[in-house]
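**Student:** Have a look at this one before I ask anything.
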Amino acid sequence: MPSVLVVGYDPQAIPGVDSEGLRAALEEELTRFGEHSIEAAMTLVVFGDSAEPTLVASLAERAWDVVVVGAGIRKTEQLLPLFEQIVNLIRRHAPQAAIAFNTSGGDSLETAQRWL
């Protein structure tokens, strides 16, 4: 069964955002993967010292086929250093995985399917 890791920015770290609602939407997206016989997991990171160990631990869980990096990380200018760090960690710790970029939390499945 194909496997996908979705990397996103932790909604609890975003001021003024309905973090519970956003988290529920992200969980719904993971359910969609299962409906398409794709094993999927999500790792949520925040800008800071914890991002690297959190992501490395998730990348080491298995040989992922695709790692999807969320648009919230990629499109937010202040998070550019985090985005670069994530891409380089994926290259280093999951070199077999395709790297894909979604446009929102609701299209991660379609994003991953482009590479499966």
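Identifiers in this document derive from the order of the structure tokens: chains are assigned A, B, ..., residues are numbered from 1 separately in each chain, and ligands are numbered from 1 in order of occurrence.
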Please provide as a ChimeraX atom specification all residues within 12 Å of segment 21-25 of chain A, with the sequence filter that same-chain residues fewer than 5 positions apart are discarded (counting only C-alpha atoms).

**Tutor:** /A:8-14,16,30-32,42-44,72,104-108

**Student:** List as a PDB file with all heavy atoms, in the first residue's frame the protein and nucleic acid residues near Phe101 of chain A, meaning an atom at most 7 Å away when only C-alpha atoms are counted, but skip any in the same chain fewer than 6 places from it.

**Tutor:**
ATOM      1  N   VAL A  68       4.104  15.354   1.360  1.00  0.00           N
ATOM      2  CA  VAL A  68       3.401  16.557   0.925  1.00  0.00           C
ATOM      3  C   VAL A  68       3.695  17.663   1.925  1.00  0.00           C
ATOM      4  O   VAL A  68       3.480  17.498   3.119  1.00  0.00           O
ATOM      5  CB  VAL A  68       1.872  16.317   0.845  1.00  0.00           C
ATOM      6  CG1 VAL A  68       1.144  17.621   0.486  1.00  0.00           C
ATOM      7  CG2 VAL A  68       1.542  15.223  -0.160  1.00  0.00           C
ATOM      8  N   VAL A  69       4.186  18.798   1.420  1.00  0.00           N
ATOM      9  CA  VAL A  69       4.453  19.960   2.265  1.00  0.00           C
ATOM     10  C   VAL A  69       3.308  20.938   2.072  1.00  0.00           C
ATOM     11  O   VAL A  69       2.985  21.325   0.949  1.00  0.00           O
ATOM     12  CB  VAL A  69       5.801  20.627   1.907  1.00  0.00           C
ATOM     13  CG1 VAL A  69       6.048  21.844   2.797  1.00  0.00           C
ATOM     14  CG2 VAL A  69       6.940  19.622   2.031  1.00  0.00           C
ATOM     15  N   GLY A  70       2.699  21.335   3.191  1.00  0.00           N
ATOM     16  CA  GLY A  70       1.515  22.177   3.152  1.00  0.00           C
ATOM     17  C   GLY A  70       1.760  23.590   2.676  1.00  0.00           C
ATOM     18  O   GLY A  70       2.823  24.180   2.889  1.00  0.00           O
ATOM     19  N   ALA A  71       0.726  24.138   2.056  1.00  0.00           N
ATOM     20  CA  ALA A  71       0.788  25.491   1.516  1.00  0.00           C
ATOM     21  C   ALA A  71       0.994  26.538   2.600  1.00  0.00           C
ATOM     22  O   ALA A  71       1.623  27.568   2.361  1.00  0.00           O
ATOM     23  CB  ALA A  71      -0.487  25.792   0.731  1.00  0.00           C
ATOM     24  N   THR A 111      -2.781  15.961  -4.498  1.00  0.00           N
ATOM     25  CA  THR A 111      -1.378  16.325  -4.632  1.00  0.00           C
ATOM     26  C   THR A 111      -0.515  15.079  -4.587  1.00  0.00           C
ATOM     27  O   THR A 111       0.374  14.885  -5.436  1.00  0.00           O
ATOM     28  CB  THR A 111      -0.983  17.303  -3.510  1.00  0.00           C
ATOM     29  OG1 THR A 111      -1.781  18.481  -3.625  1.00  0.00           O
ATOM     30  CG2 THR A 111       0.476  17.658  -3.574  1.00  0.00           C
TER      31      THR A 111
END

**Student:** Quick check for you: according to DSSP on this backbone, which residues of chain A are classed as strand (DSSP E or B)? Reply as a ChimeraX atom specification.

**Tutor:** /A:3-9,39-45,66-69,98-101

**Student:** Would you list, as JSON, numbers by chain, the residues of chain A that end up in alpha helix (DSSP H) under DSSP run on this structure's backbone?

**Tutor:** {"A": [19, 20, 21, 22, 23, 24, 25, 26, 27, 28, 29, 30, 31, 32, 33, 34, 35, 51, 52, 53, 54, 55, 56, 57, 58, 59, 71, 72, 73, 74, 80, 81, 82, 83, 84, 85, 86, 87, 88, 89, 90, 91, 92, 93, 108, 109, 110, 111, 112, 113]}

**Student:** Pick out the closest residue to Asn102 of chain A from this set: A:Glu61, A:Glu52, A:Glu29, A:Asp18. Count only C-alpha atoms.

**Tutor:**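 The closest residue to Asn102 of chain A is A:Glu29.
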
**Student:** May I have the residues within 9 Å of Phe47 of chain A as a CSV table (one decimal) with N, CA, C and O atoms, in the first residue's frame, using only C-alpha atoms and disregarding those fewer than 3 positions away in the same chain?

**Tutor:**
chain,number,residue,atom,x,y,z
A,9,TYR,N,1.7,23.1,9.1
A,9,TYR,CA,2.0,24.0,10.2
A,9,TYR,C,0.9,23.8,11.3
A,9,TYR,O,-0.2,23.8,11.0
A,13,ALA,N,-0.6,27.1,16.7
A,13,ALA,CA,0.5,28.1,16.8
A,13,ALA,C,0.1,29.3,15.9
A,13,ALA,O,1.0,30.2,15.8
A,50,SER,N,11.9,22.9,17.7
A,50,SER,CA,11.3,21.6,17.8
A,50,SER,C,10.9,21.0,16.4
A,50,SER,O,10.7,19.9,16.2
A,51,ALA,N,11.0,21.9,15.4
A,51,ALA,CA,10.6,21.4,14.0
A,51,ALA,C,11.5,20.3,13.5
A,51,ALA,O,10.9,19.3,13.0
A,79,LEU,N,7.9,32.1,7.0
A,79,LEU,CA,8.2,30.7,7.2
A,79,LEU,C,9.2,30.2,6.2
A,79,LEU,O,9.5,29.0,6.2
A,81,PRO,N,12.5,30.2,6.0
A,81,PRO,CA,13.5,29.4,6.5
A,81,PRO,C,13.0,28.0,7.0
A,81,PRO,O,13.7,27.0,6.8
A,82,LEU,N,11.8,27.9,7.5
A,82,LEU,CA,11.3,26.6,7.9
A,82,LEU,C,11.0,25.8,6.7
A,82,LEU,O,11.3,24.6,6.7

**Student:** May I have the residues within 12 Å of Val66 of chain A as a ChimeraX atom specification, using only C-alpha atoms and disregarding those fewer than 5 positions away in the same chain?

**Tutor:** /A:2-7,38-42,59,90-91,94-102,108-116
